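Q: Structure in structure tokens, see below.
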Amino acid sequence: MDKFFRFSDYDVFAYLTAGFAAFAIADLATGTAIVWNGQWTVASGALTILGAYVAGQIIATPASWMERGLVFGLLGAPADILFHGSRRGLSKAFEYYRPLDARIAAPIRAAMQAGDSGKVLFGLAHANARKNPAAAVRVDSFLRLYGLCRNLSFVLFIGACVLMIASFDAETPRADTLRAYAAISVVAGAGMFFRYLKFLRLFAVEVFTAYSISLSERAA
């Protein structure tokens with residue numbers, strides 16, 4: 001039973017943090033005291049933590065839609081960019097478009113079959129990384145970090161909209177405060193979004209690096 005209620009690192013990073021951020025924004029927008037000035041008992045604290053976890057789980061779904069639609073759809077998936085480069089010519093200005101190091105990519109390119117997509121390559125490379133204990137630790141670390149940054153950036157962007165809408169019905173002093181918090185949410189959301197892109201890329205790089213080493217060892 002103790003193991004059932006024990007949160008994993010990913011639960012804390014990706015779900016609980018996003019859930020508490022959503023509760024904090026709700027407090028600011030509606031005047032509740034779930035997080036801000038909340039007076040918790042043991043029971044209410046446990047319920048709040050459980051509620052934050054559930055909220056974080058729910059938030060992860062639209063956040064993943066943002067990832068597939070906005071990031072993969074408009075910017076491109078790291079698995080494709082790392083091998084096929086960027087048609088936008090942004091590799092020098094934008095780290096997300098920097099291709100994989102040629103020495104790391106060479107063994108993988110040699111093993112690639114004609115028509116292999118980045119998605120197929122990533123699936124093979126990720127399965128390989130999960131079998132390597134040392135690589136799996138590093139991959140999981142970047143997974144937690146990019147999951148945290150993705151979910152938090154989503155919450156902050158949506159929260160900025162919620163705070164702005166709430167400010168329209170508030171009196172002047174409170175309206176100004178809500179708009180200030182909305183501006184802070186936008187800036188913080190943008191910062192977390194760029195950190196998300198950084199860790200998403202590093203996650204893919206780590207996966208392919210482990211795969212490259214594995215292929216080189218097999219060929220030796």
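Ordering of the structure tokens sets the chain letters (A, B, ...), residue numbers begin anew at 1 in every chain, and ligands are numbered from 1 in the order given.
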Can you check which residues of segment 39-176 of chain A DSSP gives as helix (DSSP H, G or I) on the backbone and send them as a ChimeraX atom specification?

A: /A:42-75,78-84,95-97,102-111,118-131,133-168,172-176

Q: Generate a file of the selected residues that holds C-alpha atoms, formatted as a compact mmCIF listing (two decimals), in the first residue's frame.

A:
# COMPACT_ATOMS: atom_id res chain seq x y z
CA VAL A 42 -3.34 16.77 7.35
CA ALA A 43 -6.55 15.77 5.58
CA SER A 44 -6.88 18.91 3.46
CA GLY A 45 -3.17 18.80 2.62
CA ALA A 46 -3.47 15.21 1.41
CA LEU A 47 -6.53 16.10 -0.66
CA THR A 48 -4.75 19.12 -2.14
CA ILE A 49 -1.75 17.03 -3.14
CA LEU A 50 -4.03 14.41 -4.66
CA GLY A 51 -6.00 17.13 -6.45
CA ALA A 52 -2.80 18.69 -7.80
CA TYR A 53 -1.69 15.30 -9.08
CA VAL A 54 -5.02 14.71 -10.83
CA ALA A 55 -4.95 18.24 -12.28
CA GLY A 56 -1.39 17.66 -13.48
CA GLN A 57 -2.40 14.43 -15.18
CA ILE A 58 -5.24 16.22 -16.95
CA ILE A 59 -2.97 19.13 -17.95
CA ALA A 60 -0.47 16.70 -19.50
CA THR A 61 -2.97 15.74 -22.21
CA PRO A 62 -3.47 19.18 -23.82
CA ALA A 63 0.22 19.90 -23.19
CA SER A 64 1.06 16.85 -25.31
CA TRP A 65 -1.30 18.19 -28.00
CA MET A 66 0.75 21.39 -27.94
CA GLU A 67 3.87 19.28 -28.38
CA ARG A 68 2.55 17.36 -31.37
CA GLY A 69 0.76 20.26 -33.02
CA LEU A 70 2.88 23.33 -32.30
CA VAL A 71 6.34 21.87 -31.75
CA PHE A 72 6.44 18.81 -33.98
CA GLY A 73 4.01 20.25 -36.54
CA LEU A 74 5.48 23.74 -36.91
CA LEU A 75 9.04 23.53 -35.61
CA PRO A 78 14.05 16.58 -32.95
CA ALA A 79 14.45 13.06 -34.39
CA ASP A 80 14.02 14.49 -37.90
CA ILE A 81 15.99 17.70 -37.37
CA LEU A 82 19.00 15.95 -35.83
CA PHE A 83 19.54 13.84 -38.97
CA HIS A 84 17.99 15.76 -41.81
CA GLU A 95 19.95 25.58 -30.81
CA TYR A 96 16.86 23.45 -31.43
CA TYR A 97 17.83 23.24 -35.12
CA ALA A 102 28.69 14.06 -37.35
CA ARG A 103 30.76 11.55 -35.36
CA ILE A 104 27.67 10.42 -33.46
CA ALA A 105 25.46 10.36 -36.54
CA ALA A 106 27.90 8.40 -38.76
CA PRO A 107 27.31 4.88 -37.28
CA ILE A 108 23.55 5.43 -37.33
CA ARG A 109 23.57 6.69 -40.93
CA ALA A 110 25.56 3.61 -41.93
CA ALA A 111 22.90 1.36 -40.38
CA GLY A 118 13.14 10.01 -37.84
CA LYS A 119 10.25 8.38 -35.98
CA VAL A 120 11.40 4.87 -36.91
CA LEU A 121 15.00 5.69 -36.00
CA PHE A 122 13.99 7.18 -32.69
CA GLY A 123 11.90 4.14 -31.80
CA LEU A 124 14.87 1.83 -32.38
CA ALA A 125 17.28 4.14 -30.57
CA HIS A 126 14.99 4.62 -27.58
CA ALA A 127 14.44 0.89 -27.16
CA ASN A 128 18.22 0.45 -27.20
CA ALA A 129 18.79 3.22 -24.63
CA ARG A 130 16.28 1.65 -22.24
CA LYS A 131 18.38 -1.53 -22.22
CA PRO A 133 21.33 1.22 -17.44
CA ALA A 134 23.71 4.20 -17.64
CA ALA A 135 22.01 5.64 -20.72
CA ALA A 136 18.55 5.01 -19.29
CA VAL A 137 19.35 7.19 -16.23
CA ARG A 138 20.44 10.11 -18.42
CA VAL A 139 17.46 9.67 -20.77
CA ASP A 140 15.03 9.60 -17.83
CA SER A 141 16.63 12.76 -16.41
CA PHE A 142 16.02 14.72 -19.62
CA LEU A 143 12.54 13.19 -19.91
CA ARG A 144 11.61 14.53 -16.47
CA LEU A 145 13.05 17.95 -17.24
CA TYR A 146 11.35 18.39 -20.59
CA GLY A 147 8.06 17.05 -19.19
CA LEU A 148 8.23 19.56 -16.34
CA CYS A 149 9.03 22.50 -18.62
CA ARG A 150 6.42 21.52 -21.22
CA ASN A 151 3.58 21.17 -18.73
CA LEU A 152 4.54 24.29 -16.80
CA SER A 153 4.82 26.43 -19.93
CA PHE A 154 1.36 25.26 -21.00
CA VAL A 155 -0.12 26.09 -17.57
CA LEU A 156 1.52 29.50 -17.53
CA PHE A 157 0.31 30.46 -21.02
CA ILE A 158 -3.25 29.35 -20.27
CA GLY A 159 -3.01 30.94 -16.84
CA ALA A 160 -2.07 34.28 -18.42
CA CYS A 161 -5.27 34.16 -20.48
CA VAL A 162 -7.34 33.25 -17.40
CA LEU A 163 -5.84 36.11 -15.38
CA MET A 164 -6.45 38.62 -18.17
CA ILE A 165 -10.09 37.52 -18.48
CA ALA A 166 -10.52 37.77 -14.69
CA SER A 167 -9.07 41.29 -14.73
CA PHE A 168 -11.91 42.55 -16.96
CA THR A 172 -9.09 48.78 -10.78
CA PRO A 173 -6.49 47.92 -8.09
CA ARG A 174 -7.13 44.19 -8.35
CA ALA A 175 -7.39 44.37 -12.15
CA ASP A 176 -3.93 45.93 -12.35

Q: Atom CA of Ile34 of chain A and atom CA of Val12 of chain A are how many Å apart?

A: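 Atom CA of Ile34 of chain A sits 18.2 Å away from atom CA of Val12 of chain A.
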
Q: If you measure from atom CA of Val35 of chain A to atom CA of Ile184 of chain A, what distance in Å do you get, rounded to one decimal?

A: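 For atom CA of Val35 of chain A relative to atom CA of Ile184 of chain A, the distance reads 17.9 Å.
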
Q: In Å, rounded to a single decimal, give me how far atom CA of Ala183 of chain A is from atom CA of Gly31 of chain A.

A: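 It comes out at 18.4 Å.
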